[in-house]
Each structure stands twice: as structure tokens, then as C-alpha cells.
$ cat entry-v7.cif   # mmCIF, C-alpha atoms
data_model
#
loop_
_atom_site.group_PDB
_atom_site.id
_atom_site.type_symbol
_atom_site.label_atom_id
_atom_site.label_comp_id
_atom_site.auth_asym_id
_atom_site.auth_seq_id
_atom_site.Cartn_x
_atom_site.Cartn_y
_atom_site.Cartn_z
ATOM 1 C CA MET A 30 -14.088 31.335 -8.488
ATOM 2 C CA ASN A 31 -15.441 34.120 -6.411
ATOM 3 C CA THR A 32 -18.470 36.016 -7.644
ATOM 4 C CA PRO A 33 -19.773 39.077 -5.859
ATOM 5 C CA ASP A 34 -23.133 39.069 -4.182
ATOM 6 C CA HIS A 35 -25.827 40.027 -6.612
ATOM 7 C CA ASN A 36 -26.351 43.765 -6.449
ATOM 8 C CA PRO A 37 -29.559 44.782 -8.263
ATOM 9 C CA ALA A 38 -28.301 48.339 -8.719
ATOM 10 C CA LEU A 39 -25.104 47.185 -10.430
ATOM 11 C CA ASP A 40 -25.884 43.834 -12.046
ATOM 12 C CA LEU A 41 -28.148 42.413 -14.718
ATOM 13 C CA ALA A 42 -28.982 38.742 -14.825
ATOM 14 C CA PHE A 43 -30.864 36.394 -17.082
ATOM 15 C CA GLU A 44 -31.542 32.656 -16.798
ATOM 16 C CA ARG A 45 -33.310 30.121 -18.936
ATOM 17 C CA TYR A 46 -33.581 26.381 -19.528
ATOM 18 C CA VAL A 47 -32.514 25.254 -23.002
ATOM 19 C CA GLU A 48 -32.686 21.885 -24.763
ATOM 20 C CA LEU A 49 -28.986 21.633 -25.536
ATOM 21 C CA PRO A 50 -26.166 19.881 -23.655
ATOM 22 C CA ALA A 51 -23.747 22.159 -21.792
ATOM 23 C CA GLU A 52 -20.965 21.011 -24.142
ATOM 24 C CA LYS A 53 -22.757 22.524 -27.153
ATOM 25 C CA LEU A 54 -23.335 25.808 -25.333
ATOM 26 C CA TRP A 55 -19.657 25.924 -24.372
ATOM 27 C CA ALA A 56 -18.620 25.201 -27.978
ATOM 28 C CA ALA A 57 -20.916 27.964 -29.261
ATOM 29 C CA TRP A 58 -19.352 30.455 -26.870
ATOM 30 C CA THR A 59 -15.703 29.504 -27.374
ATOM 31 C CA THR A 60 -15.276 28.744 -31.096
ATOM 32 C CA PRO A 61 -15.282 31.761 -33.434
ATOM 33 C CA GLU A 62 -17.014 30.006 -36.360
ATOM 34 C CA LEU A 63 -19.718 28.707 -33.991
ATOM 35 C CA LEU A 64 -20.166 32.100 -32.338
ATOM 36 C CA LEU A 65 -20.474 34.356 -35.385
ATOM 37 C CA PRO A 66 -23.893 33.026 -36.564
ATOM 38 C CA TRP A 67 -25.811 33.757 -33.341
ATOM 39 C CA PHE A 68 -23.946 36.240 -31.123
ATOM 40 C CA CYS A 69 -25.811 39.378 -32.204
ATOM 41 C CA PRO A 70 -29.605 39.702 -32.536
ATOM 42 C CA ARG A 71 -30.484 39.918 -36.238
ATOM 43 C CA PRO A 72 -30.581 42.053 -38.351
ATOM 44 C CA TRP A 73 -27.322 43.028 -36.593
ATOM 45 C CA THR A 74 -24.455 40.673 -37.451
ATOM 46 C CA THR A 75 -21.166 39.642 -35.888
ATOM 47 C CA ILE A 76 -18.517 39.937 -38.570
ATOM 48 C CA ALA A 77 -15.345 39.049 -36.646
ATOM 49 C CA CYS A 78 -14.362 37.180 -33.510
ATOM 50 C CA GLU A 79 -11.003 36.413 -31.931
ATOM 51 C CA ILE A 80 -10.656 33.940 -29.075
ATOM 52 C CA ASP A 81 -7.557 32.935 -27.131
ATOM 53 C CA LEU A 82 -9.106 30.629 -24.576
ATOM 54 C CA ARG A 83 -6.994 31.134 -21.445
ATOM 55 C CA PRO A 84 -7.010 33.621 -18.583
ATOM 56 C CA GLY A 85 -5.654 36.894 -19.983
ATOM 57 C CA GLY A 86 -6.335 35.735 -23.558
ATOM 58 C CA ILE A 87 -8.232 37.961 -25.978
ATOM 59 C CA PHE A 88 -11.990 37.765 -26.501
ATOM 60 C CA SER A 89 -13.005 40.234 -29.175
ATOM 61 C CA THR A 90 -15.914 40.662 -31.537
ATOM 62 C CA VAL A 91 -16.985 43.171 -34.160
ATOM 63 C CA MET A 92 -20.726 43.737 -34.497
ATOM 64 C CA ARG A 93 -22.238 45.447 -37.525
ATOM 65 C CA SER A 94 -25.479 47.399 -37.519
ATOM 66 C CA PRO A 95 -28.020 47.049 -40.356
ATOM 67 C CA GLU A 96 -26.741 50.450 -41.576
ATOM 68 C CA GLY A 97 -23.202 49.066 -41.798
ATOM 69 C CA GLN A 98 -21.674 50.753 -38.760
ATOM 70 C CA GLU A 99 -19.118 48.555 -36.990
ATOM 71 C CA PHE A 100 -18.783 48.225 -33.233
ATOM 72 C CA PRO A 101 -15.604 46.485 -32.073
ATOM 73 C CA GLY A 102 -15.542 45.043 -28.564
ATOM 74 C CA ILE A 103 -12.334 43.820 -26.987
ATOM 75 C CA GLY A 104 -11.607 42.196 -23.671
ATOM 76 C CA CYS A 105 -9.950 39.214 -22.056
ATOM 77 C CA TYR A 106 -10.938 36.013 -20.322
ATOM 78 C CA LEU A 107 -10.707 35.873 -16.547
ATOM 79 C CA GLU A 108 -11.832 32.354 -15.676
ATOM 80 C CA LEU A 109 -12.634 29.321 -17.767
ATOM 81 C CA LEU A 110 -14.279 26.220 -16.348
ATOM 82 C CA PRO A 111 -14.764 24.006 -19.438
ATOM 83 C CA ASN A 112 -18.416 23.257 -20.259
ATOM 84 C CA ARG A 113 -19.595 25.015 -17.087
ATOM 85 C CA ARG A 114 -18.657 28.658 -16.873
ATOM 86 C CA LEU A 115 -16.760 31.422 -18.588
ATOM 87 C CA VAL A 116 -15.903 34.852 -17.274
ATOM 88 C CA TRP A 117 -14.498 37.764 -19.258
ATOM 89 C CA THR A 118 -14.296 41.538 -19.004
ATOM 90 C CA ASN A 119 -13.854 44.530 -21.280
ATOM 91 C CA ALA A 120 -12.101 46.433 -18.448
ATOM 92 C CA LEU A 121 -8.891 44.501 -19.181
ATOM 93 C CA GLY A 122 -7.423 43.745 -22.587
ATOM 94 C CA PRO A 123 -5.124 40.892 -23.633
ATOM 95 C CA GLY A 124 -2.527 40.109 -20.969
ATOM 96 C CA PHE A 125 -4.826 41.661 -18.339
ATOM 97 C CA ARG A 126 -3.800 45.183 -19.406
ATOM 98 C CA PRO A 127 -6.217 47.842 -18.050
ATOM 99 C CA VAL A 128 -8.343 49.409 -20.785
ATOM 100 C CA PRO A 129 -8.621 53.213 -20.836
ATOM 101 C CA ALA A 130 -12.213 54.446 -20.571
ATOM 102 C CA LYS A 131 -13.554 55.407 -23.990
ATOM 103 C CA GLU A 132 -14.886 58.931 -24.420
ATOM 104 C CA VAL A 133 -18.061 57.635 -26.023
ATOM 105 C CA GLU A 134 -21.467 58.383 -24.553
ATOM 106 C CA ASP A 135 -22.767 54.837 -24.341
ATOM 107 C CA PHE A 136 -19.520 53.073 -23.469
ATOM 108 C CA PHE A 137 -19.378 51.116 -20.218
ATOM 109 C CA PHE A 138 -17.192 48.536 -18.530
ATOM 110 C CA PHE A 139 -18.588 45.194 -17.480
ATOM 111 C CA THR A 140 -17.617 41.669 -16.517
ATOM 112 C CA GLY A 141 -19.696 38.885 -18.044
ATOM 113 C CA ILE A 142 -20.336 35.527 -16.399
ATOM 114 C CA VAL A 143 -22.037 32.833 -18.463
ATOM 115 C CA SER A 144 -22.810 29.498 -16.828
ATOM 116 C CA PHE A 145 -24.103 26.159 -18.097
ATOM 117 C CA THR A 146 -25.622 23.840 -15.493
ATOM 118 C CA PRO A 147 -26.812 20.415 -16.693
ATOM 119 C CA GLN A 148 -30.497 19.904 -15.869
ATOM 120 C CA GLY A 149 -32.567 16.960 -17.069
ATOM 121 C CA SER A 150 -31.956 16.457 -20.778
ATOM 122 C CA GLY A 151 -30.819 20.043 -21.236
ATOM 123 C CA THR A 152 -29.027 22.886 -19.520
ATOM 124 C CA ARG A 153 -29.852 25.822 -17.295
ATOM 125 C CA TYR A 154 -28.217 28.795 -19.019
ATOM 126 C CA GLY A 155 -27.278 31.733 -16.838
ATOM 127 C CA ALA A 156 -25.873 35.072 -17.934
ATOM 128 C CA ARG A 157 -24.852 37.830 -15.586
ATOM 129 C CA VAL A 158 -23.165 41.154 -16.269
ATOM 130 C CA VAL A 159 -21.674 43.119 -13.380
ATOM 131 C CA HIS A 160 -20.751 46.785 -13.471
ATOM 132 C CA GLY A 161 -18.806 49.249 -11.378
ATOM 133 C CA THR A 162 -21.469 51.958 -11.302
ATOM 134 C CA ALA A 163 -25.261 52.174 -11.437
ATOM 135 C CA GLU A 164 -24.909 54.459 -14.467
ATOM 136 C CA ASP A 165 -22.979 51.779 -16.390
ATOM 137 C CA CYS A 166 -25.609 49.230 -15.396
ATOM 138 C CA ARG A 167 -28.406 51.507 -16.675
ATOM 139 C CA LYS A 168 -26.569 52.014 -19.971
ATOM 140 C CA HIS A 169 -26.332 48.249 -20.410
ATOM 141 C CA ALA A 170 -30.004 47.765 -19.509
ATOM 142 C CA ALA A 171 -30.992 50.525 -21.951
ATOM 143 C CA LEU A 172 -29.253 48.628 -24.761
ATOM 144 C CA GLY A 173 -31.824 45.894 -24.129
ATOM 145 C CA PHE A 174 -29.693 43.417 -22.188
ATOM 146 C CA GLU A 175 -32.381 40.884 -21.345
ATOM 147 C CA GLN A 176 -34.189 41.013 -24.688
ATOM 148 C CA GLY A 177 -30.923 41.057 -26.644
ATOM 149 C CA TRP A 178 -29.349 38.134 -24.796
ATOM 150 C CA GLY A 179 -32.632 36.235 -25.052
ATOM 151 C CA ILE A 180 -32.804 36.641 -28.820
ATOM 152 C CA ALA A 181 -29.126 35.725 -29.160
ATOM 153 C CA LEU A 182 -29.780 32.587 -27.094
ATOM 154 C CA ASP A 183 -32.717 31.640 -29.355
ATOM 155 C CA GLN A 184 -30.384 32.046 -32.335
ATOM 156 C CA LEU A 185 -27.699 29.968 -30.593
ATOM 157 C CA VAL A 186 -30.130 27.106 -29.879
ATOM 158 C CA GLU A 187 -31.508 27.160 -33.411
ATOM 159 C CA PHE A 188 -28.005 27.115 -34.889
ATOM 160 C CA MET A 189 -26.461 24.510 -32.587
ATOM 161 C CA LYS A 190 -29.385 22.067 -32.788
ATOM 162 C CA THR A 191 -28.285 21.252 -36.315
ATOM 163 C CA ARG A 192 -24.604 20.755 -35.328
ATOM 164 C CA MET B 12 -1.188 32.664 -18.629
ATOM 165 C CA ASN B 13 -0.865 35.204 -21.336
ATOM 166 C CA THR B 14 1.190 38.323 -20.695
ATOM 167 C CA PRO B 15 1.362 41.135 -23.222
ATOM 168 C CA ASP B 16 4.584 42.007 -24.960
ATOM 169 C CA HIS B 17 6.618 44.428 -22.923
ATOM 170 C CA ASN B 18 5.721 47.949 -23.950
ATOM 171 C CA PRO B 19 8.223 50.450 -22.555
ATOM 172 C CA ALA B 20 5.711 53.315 -22.877
ATOM 173 C CA LEU B 21 3.101 51.448 -20.803
ATOM 174 C CA ASP B 22 4.984 49.100 -18.498
ATOM 175 C CA LEU B 23 7.500 49.270 -15.670
ATOM 176 C CA ALA B 24 9.631 46.283 -14.765
ATOM 177 C CA PHE B 25 12.139 45.389 -12.120
ATOM 178 C CA GLU B 26 14.179 42.206 -11.606
ATOM 179 C CA ARG B 27 16.652 41.071 -8.998
ATOM 180 C CA TYR B 28 18.257 37.939 -7.585
ATOM 181 C CA VAL B 29 17.539 37.322 -3.906
ATOM 182 C CA GLU B 30 18.873 34.734 -1.444
ATOM 183 C CA LEU B 31 15.497 33.303 -0.469
ATOM 184 C CA PRO B 32 13.631 30.265 -1.783
ATOM 185 C CA ALA B 33 10.613 30.987 -3.996
ATOM 186 C CA GLU B 34 8.354 29.455 -1.329
ATOM 187 C CA LYS B 35 9.303 32.167 1.170
ATOM 188 C CA LEU B 36 8.723 34.935 -1.375
ATOM 189 C CA TRP B 37 5.323 33.440 -2.174
ATOM 190 C CA ALA B 38 4.442 33.228 1.541
ATOM 191 C CA ALA B 39 5.488 36.856 2.077
ATOM 192 C CA TRP B 40 3.225 37.972 -0.767
ATOM 193 C CA THR B 41 0.177 35.876 0.106
ATOM 194 C CA THR B 42 -0.115 35.884 3.916
ATOM 195 C CA PRO B 43 -1.340 39.134 5.520
ATOM 196 C CA GLU B 44 0.797 38.845 8.679
ATOM 197 C CA LEU B 45 3.886 38.151 6.551
ATOM 198 C CA LEU B 46 3.126 41.003 4.150
ATOM 199 C CA LEU B 47 2.426 43.847 6.590
ATOM 200 C CA PRO B 48 6.035 44.194 7.887
ATOM 201 C CA TRP B 49 7.718 44.818 4.506
ATOM 202 C CA PHE B 50 5.141 45.869 1.862
ATOM 203 C CA CYS B 51 5.660 49.634 2.119
ATOM 204 C CA PRO B 52 9.048 51.407 2.215
ATOM 205 C CA ARG B 53 9.611 52.774 5.740
ATOM 206 C CA PRO B 54 8.818 55.205 7.302
ATOM 207 C CA TRP B 55 5.503 54.459 5.518
ATOM 208 C CA THR B 56 3.673 51.482 6.993
ATOM 209 C CA THR B 57 1.092 48.963 5.852
ATOM 210 C CA ILE B 58 -1.598 48.844 8.514
ATOM 211 C CA ALA B 59 -4.124 46.446 6.973
ATOM 212 C CA CYS B 60 -4.205 43.680 4.384
ATOM 213 C CA GLU B 61 -6.958 41.388 3.157
ATOM 214 C CA ILE B 62 -6.220 38.397 0.967
ATOM 215 C CA ASP B 63 -8.638 35.898 -0.568
ATOM 216 C CA LEU B 64 -6.224 33.819 -2.590
ATOM 217 C CA ARG B 65 -8.226 32.782 -5.647
ATOM 218 C CA PRO B 66 -9.007 34.377 -9.006
ATOM 219 C CA GLY B 67 -11.557 37.118 -8.328
ATOM 220 C CA GLY B 68 -10.642 37.152 -4.623
ATOM 221 C CA ILE B 69 -9.824 40.400 -2.869
ATOM 222 C CA PHE B 70 -6.304 41.743 -2.473
ATOM 223 C CA SER B 71 -6.411 44.956 -0.466
ATOM 224 C CA THR B 72 -3.961 46.952 1.615
ATOM 225 C CA VAL B 73 -4.029 50.204 3.548
ATOM 226 C CA MET B 74 -0.788 52.189 3.587
ATOM 227 C CA ARG B 75 -0.164 54.975 6.079
ATOM 228 C CA SER B 76 2.129 57.934 5.488
ATOM 229 C CA PRO B 77 4.483 59.194 8.225
ATOM 230 C CA GLU B 78 1.982 62.053 8.693
ATOM 231 C CA GLY B 79 -0.796 59.546 9.370
ATOM 232 C CA GLN B 80 -2.701 59.816 6.095
ATOM 233 C CA GLU B 81 -4.183 56.488 4.981
ATOM 234 C CA PHE B 82 -4.211 55.198 1.410
ATOM 235 C CA PRO B 83 -6.436 52.187 0.806
ATOM 236 C CA GLY B 84 -5.791 50.072 -2.279
ATOM 237 C CA ILE B 85 -8.246 47.431 -3.398
ATOM 238 C CA GLY B 86 -8.161 44.945 -6.215
ATOM 239 C CA CYS B 87 -8.520 41.277 -7.026
ATOM 240 C CA TYR B 88 -6.335 38.379 -8.028
ATOM 241 C CA LEU B 89 -6.315 37.309 -11.664
ATOM 242 C CA GLU B 90 -3.937 34.363 -11.752
ATOM 243 C CA LEU B 91 -2.153 32.419 -9.067
ATOM 244 C CA LEU B 92 0.587 29.902 -9.811
ATOM 245 C CA PRO B 93 1.719 28.798 -6.322
ATOM 246 C CA ASN B 94 5.351 29.662 -5.502
ATOM 247 C CA ARG B 95 5.930 30.949 -9.040
ATOM 248 C CA ARG B 96 3.710 33.832 -10.061
ATOM 249 C CA LEU B 97 0.836 36.012 -8.933
ATOM 250 C CA VAL B 98 -1.160 38.489 -10.956
ATOM 251 C CA TRP B 99 -3.631 41.036 -9.617
ATOM 252 C CA THR B 100 -5.205 44.304 -10.725
ATOM 253 C CA ASN B 101 -6.833 47.348 -9.178
ATOM 254 C CA ALA B 102 -9.045 47.763 -12.271
ATOM 255 C CA LEU B 103 -11.331 44.992 -10.981
ATOM 256 C CA GLY B 104 -12.564 44.527 -7.422
ATOM 257 C CA PRO B 105 -13.684 41.355 -5.657
ATOM 258 C CA GLY B 106 -15.686 39.089 -7.963
ATOM 259 C CA PHE B 107 -14.002 40.749 -10.966
ATOM 260 C CA ARG B 108 -16.315 43.779 -10.694
ATOM 261 C CA PRO B 109 -15.002 46.757 -12.731
ATOM 262 C CA VAL B 110 -13.741 49.582 -10.509
ATOM 263 C CA PRO B 111 -14.906 53.125 -11.351
ATOM 264 C CA ALA B 112 -12.007 55.499 -12.047
ATOM 265 C CA LYS B 113 -11.274 57.649 -9.001
ATOM 266 C CA GLU B 114 -11.367 61.406 -9.442
ATOM 267 C CA VAL B 115 -8.010 61.789 -7.709
ATOM 268 C CA GLU B 116 -5.070 63.396 -9.472
ATOM 269 C CA ASP B 117 -2.531 60.640 -8.937
ATOM 270 C CA PHE B 118 -4.850 57.633 -9.251
ATOM 271 C CA PHE B 119 -4.111 55.086 -11.959
ATOM 272 C CA PHE B 120 -5.111 51.560 -12.902
ATOM 273 C CA PHE B 121 -2.517 48.847 -13.212
ATOM 274 C CA THR B 122 -2.069 45.096 -13.306
ATOM 275 C CA GLY B 123 0.823 43.700 -11.290
ATOM 276 C CA ILE B 124 2.742 40.534 -12.145
ATOM 277 C CA VAL B 125 5.220 39.216 -9.595
ATOM 278 C CA SER B 126 7.265 36.133 -10.461
ATOM 279 C CA PHE B 127 9.629 33.909 -8.523
ATOM 280 C CA THR B 128 12.037 31.790 -10.588
ATOM 281 C CA PRO B 129 14.342 29.419 -8.699
ATOM 282 C CA GLN B 130 17.997 30.134 -9.552
ATOM 283 C CA GLY B 131 20.946 28.509 -7.778
ATOM 284 C CA SER B 132 20.395 28.685 -4.043
ATOM 285 C CA GLY B 133 17.976 31.603 -4.365
ATOM 286 C CA THR B 134 15.337 33.090 -6.623
ATOM 287 C CA ARG B 135 15.114 35.525 -9.477
ATOM 288 C CA TYR B 136 12.419 37.995 -8.405
ATOM 289 C CA GLY B 137 10.557 39.812 -11.157
ATOM 290 C CA ALA B 138 7.970 42.543 -10.793
ATOM 291 C CA ARG B 139 6.090 44.106 -13.655
ATOM 292 C CA VAL B 140 3.271 46.632 -13.682
ATOM 293 C CA VAL B 141 1.289 47.184 -16.878
ATOM 294 C CA HIS B 142 -0.928 50.172 -17.587
ATOM 295 C CA GLY B 143 -3.562 51.207 -20.092
ATOM 296 C CA THR B 144 -2.096 54.611 -20.898
ATOM 297 C CA ALA B 145 1.338 56.242 -20.980
ATOM 298 C CA GLU B 146 0.037 58.843 -18.532
ATOM 299 C CA ASP B 147 -0.841 56.169 -15.961
ATOM 300 C CA CYS B 148 2.586 54.609 -16.470
ATOM 301 C CA ARG B 149 4.278 57.985 -15.872
ATOM 302 C CA LYS B 150 2.240 58.516 -12.690
ATOM 303 C CA HIS B 151 3.388 55.132 -11.387
ATOM 304 C CA ALA B 152 7.026 55.859 -12.314
ATOM 305 C CA ALA B 153 6.816 59.265 -10.622
ATOM 306 C CA LEU B 154 5.778 57.554 -7.367
ATOM 307 C CA GLY B 155 9.208 55.912 -7.468
ATOM 308 C CA PHE B 156 8.231 52.450 -8.695
ATOM 309 C CA GLU B 157 11.699 50.966 -9.065
ATOM 310 C CA GLN B 158 13.170 52.501 -5.916
ATOM 311 C CA GLY B 159 10.041 51.769 -3.874
ATOM 312 C CA TRP B 160 9.754 48.140 -4.943
ATOM 313 C CA GLY B 161 13.499 47.723 -4.414
ATOM 314 C CA ILE B 162 13.315 48.995 -0.830
ATOM 315 C CA ALA B 163 10.230 46.880 -0.131
ATOM 316 C CA LEU B 164 12.089 43.828 -1.470
ATOM 317 C CA ASP B 165 15.061 44.582 0.821
ATOM 318 C CA GLN B 166 12.607 44.763 3.726
ATOM 319 C CA LEU B 167 10.963 41.488 2.621
ATOM 320 C CA VAL B 168 14.320 39.657 2.471
ATOM 321 C CA GLU B 169 15.431 41.032 5.824
ATOM 322 C CA PHE B 170 12.127 40.002 7.441
ATOM 323 C CA MET B 171 11.743 36.555 5.854
ATOM 324 C CA LYS B 172 15.381 35.489 6.479
ATOM 325 C CA THR B 173 14.503 35.171 10.147
ATOM 326 C CA ARG B 174 11.342 33.111 9.438
#
$ encode --input "entry-v7.cif" --output "C-alpha cells"
Amino acid sequence: MNTPDHNPALDLAFERYVELPAEKLWAAWTTPELLLPWFCPRPWTTIACEIDLRPGGIFSTVMRSPEGQEFPGIGCYLELLPNRRLVWTNALGPGFRPVPAKEVEDFFFFTGIVSFTPQGSGTRYGARVVHGTAEDCRKHAALGFEQGWGIALDQLVEFMKTR
Amino acid sequence: MNTPDHNPALDLAFERYVELPAEKLWAAWTTPELLLPWFCPRPWTTIACEIDLRPGGIFSTVMRSPEGQEFPGIGCYLELLPNRRLVWTNALGPGFRPVPAKEVEDFFFFTGIVSFTPQGSGTRYGARVVHGTAEDCRKHAALGFEQGWGIALDQLVEFMKTR
């Protein structure tokens, strides 16, 4: 696949070594029942997930705040390289249909690229989110991208180590 | 790949039998020097084309009106099934980066799906454009989608028959 050059004004990236094989990371990202337990930093929860694992197939989640407010997110897969990399976006819905911009203050479009590179007895885990505007990138950073994805990854490792 | 159900409020479609093998239609769609001569109904012209034929790779054209005004279009490929189907969108740029909406009255996002199905001695040619809103679909229809794509296809057949 073709990824754009890293643009620090438009992209956020995060990388870490984890003691899990790439296959377990892939499974945790692509199987709804293995994704629900870790995807959202607690005390937030992920209460629904739909996955149709093919380009143009749906990837949707519903996150719930501690106060009970629900935040649905819907998008589609763009590229799938089993056990190595997955790419999806919320700018296109199922069947690659363009998604209308939502008139919500903190809404933004992004494409997510998660990669799993075998290293020693574990895996180098990379996450990158790319945006169309610096404002969208700032919104994503303000949500706590790096901290949030880091906590979610801790939860993933904890959960998958027992599987 | 996964295509959404046809939604007449959001999609435009066009189908025709042509006396060309699918391989020639594919070549005309995926090779800049074979695309420039037919892509835009005359007296409009296509003066530039960039193609990086892989998911996430650029697909861009510049069309020029008879008055000399230039209209660049940029997007990326989503799925490529050689000689059978290509899918691209202008809602994502190279590397699948979301494209900010343009503050231009007649701008709209779409995903295009062009298919080539061998039939007898020729090919059934299908073109479908899917949109996120009925307004975007109306804008595309108002540009003369069916007539425009029909004329461009006539130009393609005329040009490729001699190749």
C-alpha cells in the first residue's frame, strides 16, 4: 500500500514494543468479541462492534461514557494485510460511500493505520492517524490520542495474554 | 469487494455494451497517455493525468474548459481488480488521507466504480458513482453524468479501436 509521508501538522503517531505475537494483535483488532474488552480506555466501555473484514466492509463501534452517553463511530476498511497491517477510515462508510461531515463541534475525519511488525519474541506495534486538516489533527490530539491509544494497548495486552 | 446496495437517491449508474475487450477498457482507464484523449467530452480536454495504480495511490486529472479554465480533480484508488473493476474516490487523497471539503458551490464527494464484464465478442461496461448525500448526487446529475460519461465512452471506443 501507499502511505503518505508523515506530516507532523496533519498526523499523529504512536509506537511501542509489546510482548504479544502479531497474530494475537491482529485477532484483537479484527474480532468483535476480542475487541470489545480493550478498545476504549476504562471507565469508558465499548458496547458494540461490527466488522466485515474486507476492503469497503464496515468497521463500526459504539463507545459509552461513564455517564452513559453513547458515541457511535462508523467507517470502512481500506487495506488489510493479515497479521501485519490494517487501514480504515471514517471518511467512507460501507461500500466506500463518502460520509457527510457531521455538524458536531468535535467531529473529525481520519484514516487509521495500525501495523504489527514481529520483533524478537514480541511485536512492534505502530498506530498512525492521518487527517485532512491541521484543525482535525488538533481535535484528535486534544481527545488524548497518544494517552488513550496507550491505555487501550495496555488493556489489549492484559486481555490477550490470557487468550 | 463490498459495494453498497444501489440507492437511487444517492447513486447514479450507467451501463452499456461496447465492442472492445475488457483489457483495452482497463488500459484506457489506467494509462495516462491512453486516458487523456477520451476522458472529457469534447470540446473540453483533459490536459494532465497522474496514476499510481495501487490502493491508496493517486488518481488525478486536470480538465480544461473551452474557455481555458482548468479543473483539477484529485483522489486515490480504493480497489483494483485488473481488467475487471476499478474503484476510486475523491474523498481521500494519496495515502488514503481525508480530503477537506472544498468551499466551492458545485463541489461534491463521490466514489466511482467502473466495471468491465466480458460479454460475447465485447464487454459490458458499467459505471456507478455513489455519494454521501442526495444533494451531492443531484449536483453530479446536474453536471450531466449520464450524457457526459456516454460521450466519453464513445470517445474511448473510437480511440482504442485503432490501438
$ closest_atom_pairs --input "entry-v7.cif" --of "chain B" --to "chain A" --cutoff "9 Å" --atoms "all atoms listed in the file" --output "CSV"
residue,atom,partner,partner_atom,distance
B:Met12,CA,A:Pro84,CA,5.9
B:Asn13,CA,A:Gly124,CA,5.2
B:Thr14,CA,A:Gly124,CA,4.1
B:Pro15,CA,A:Gly124,CA,4.6
B:Asp16,CA,A:Gly124,CA,8.4
B:Arg65,CA,A:Met30,CA,6.7
B:Pro66,CA,A:Met30,CA,5.9
B:Gly67,CA,A:Asn31,CA,5.3
B:Gly68,CA,A:Asn31,CA,6.0
B:Leu89,CA,A:Leu107,CA,6.7
B:Glu90,CA,A:Pro84,CA,7.5
B:Val98,CA,A:Phe125,CA,8.8
B:Trp99,CA,A:Phe125,CA,8.8
B:Thr100,CA,A:Phe125,CA,8.1
B:Asn101,CA,A:Pro127,CA,8.9
B:Ala102,CA,A:Pro127,CA,6.4
B:Leu103,CA,A:Ala120,CA,7.6
B:Gly104,CA,A:Gly161,CA,8.8
B:Pro105,CA,A:Pro33,CA,6.5
B:Gly106,CA,A:Thr32,CA,4.2
B:Phe107,CA,A:Thr140,CA,6.7
B:Arg108,CA,A:Val159,CA,6.0
B:Pro109,CA,A:Gly161,CA,4.7
B:Val110,CA,A:Gly161,CA,5.1
B:Pro111,CA,A:Gly161,CA,5.5
B:Ala112,CA,A:Ala130,CA,8.6
B:Phe120,CA,A:Pro127,CA,6.4
B:Phe121,CA,A:Pro127,CA,6.2
B:Thr122,CA,A:Arg126,CA,6.3
B:Val141,CA,A:Arg126,CA,6.0
B:His142,CA,A:Pro127,CA,5.8
B:Gly143,CA,A:Pro127,CA,4.7
B:Thr144,CA,A:Pro129,CA,6.7
$ closest_residue --input "entry-v7.cif" --among "A:Arg157, A:Arg93, A:Lys131, A:Lys53" --to "A:Trp178" --atoms "only C-alpha atoms"
A:Arg157
$ residues_near_point --input "entry-v7.cif" --point "(-29.0, 20.2, -18.4)" --cutoff "9 Å" --atoms "all atoms listed in the file" --output "PyMOL selection string"
chain A and resi 46-51+145-154
$ write_last_selection --input "entry-v7.cif" --atoms "C-alpha atoms" --output "PDB file, keeping the file's coordinate frame"
ATOM      1  CA  TYR A  46     -33.581  26.381 -19.528  1.00  0.00           C
ATOM      2  CA  VAL A  47     -32.514  25.254 -23.002  1.00  0.00           C
ATOM      3  CA  GLU A  48     -32.686  21.885 -24.763  1.00  0.00           C
ATOM      4  CA  LEU A  49     -28.986  21.633 -25.536  1.00  0.00           C
ATOM      5  CA  PRO A  50     -26.166  19.881 -23.655  1.00  0.00           C
ATOM      6  CA  ALA A  51     -23.747  22.159 -21.792  1.00  0.00           C
ATOM      7  CA  PHE A 145     -24.103  26.159 -18.097  1.00  0.00           C
ATOM      8  CA  THR A 146     -25.622  23.840 -15.493  1.00  0.00           C
ATOM      9  CA  PRO A 147     -26.812  20.415 -16.693  1.00  0.00           C
ATOM     10  CA  GLN A 148     -30.497  19.904 -15.869  1.00  0.00           C
ATOM     11  CA  GLY A 149     -32.567  16.960 -17.069  1.00  0.00           C
ATOM     12  CA  SER A 150     -31.956  16.457 -20.778  1.00  0.00           C
ATOM     13  CA  GLY A 151     -30.819  20.043 -21.236  1.00  0.00           C
ATOM     14  CA  THR A 152     -29.027  22.886 -19.520  1.00  0.00           C
ATOM     15  CA  ARG A 153     -29.852  25.822 -17.295  1.00  0.00           C
ATOM     16  CA  TYR A 154     -28.217  28.795 -19.019  1.00  0.00           C
TER      17      TYR A 154
END
$ axis_aligned_box --input "entry-v7.cif" --around "stretch 131-136 of chain A" --padding-each-side "8 Å" --output "JSON"
{"center_x": -18.2, "center_y": 56.0, "center_z": -24.7, "size_x": 25.2, "size_y": 21.9, "size_z": 18.6}
$ residues_around --input "entry-v7.cif" --residues "A:Ala38" --least-positions-apart "2" --cutoff "8 Å" --atoms "all atoms listed in the file" --output "MDAnalysis selection string"
chainID A and resid 36 40 163 166
$ resolve_selection --input "entry-v7.cif" --expression "the PyMOL selection byres ((chain B and resi 79) around 12)" --output "list of chain:residue names"
B:Pro54, B:Trp55, B:Thr56, B:Thr57, B:Ile58, B:Val73, B:Met74, B:Arg75, B:Ser76, B:Pro77, B:Glu78, B:Gln80, B:Glu81, B:Phe82
$ resolve_selection --input "entry-v7.cif" --expression "the PyMOL selection byres ((chain B and resi 43) around 8)" --output "PyMOL selection string"
chain B and resi 39-42+44-47+59-62
$ write_last_selection --input "entry-v7.cif" --atoms "C-alpha atoms" --output "short mmCIF file (atom, residue, chain, number, x, y, z; two decimals), keeping the file's coordinate frame"
data_model
loop_
_atom_site.label_atom_id
_atom_site.label_comp_id
_atom_site.auth_asym_id
_atom_site.auth_seq_id
_atom_site.Cartn_x
_atom_site.Cartn_y
_atom_site.Cartn_z
CA ALA B 39 5.49 36.86 2.08
CA TRP B 40 3.22 37.97 -0.77
CA THR B 41 0.18 35.88 0.11
CA THR B 42 -0.12 35.88 3.92
CA GLU B 44 0.80 38.84 8.68
CA LEU B 45 3.89 38.15 6.55
CA LEU B 46 3.13 41.00 4.15
CA LEU B 47 2.43 43.85 6.59
CA ALA B 59 -4.12 46.45 6.97
CA CYS B 60 -4.20 43.68 4.38
CA GLU B 61 -6.96 41.39 3.16
CA ILE B 62 -6.22 38.40 0.97
#
$ closest_residue --input "entry-v7.cif" --among "B:Ala163, B:Phe25, B:His17, B:Glu157" --to "B:Val125" --atoms "only C-alpha atoms"
B:Phe25
$ atom_distance --input "entry-v7.cif" --atom1 "atom CA of B:Gly86" --atom2 "atom CA of A:Arg113"
25.4 Å
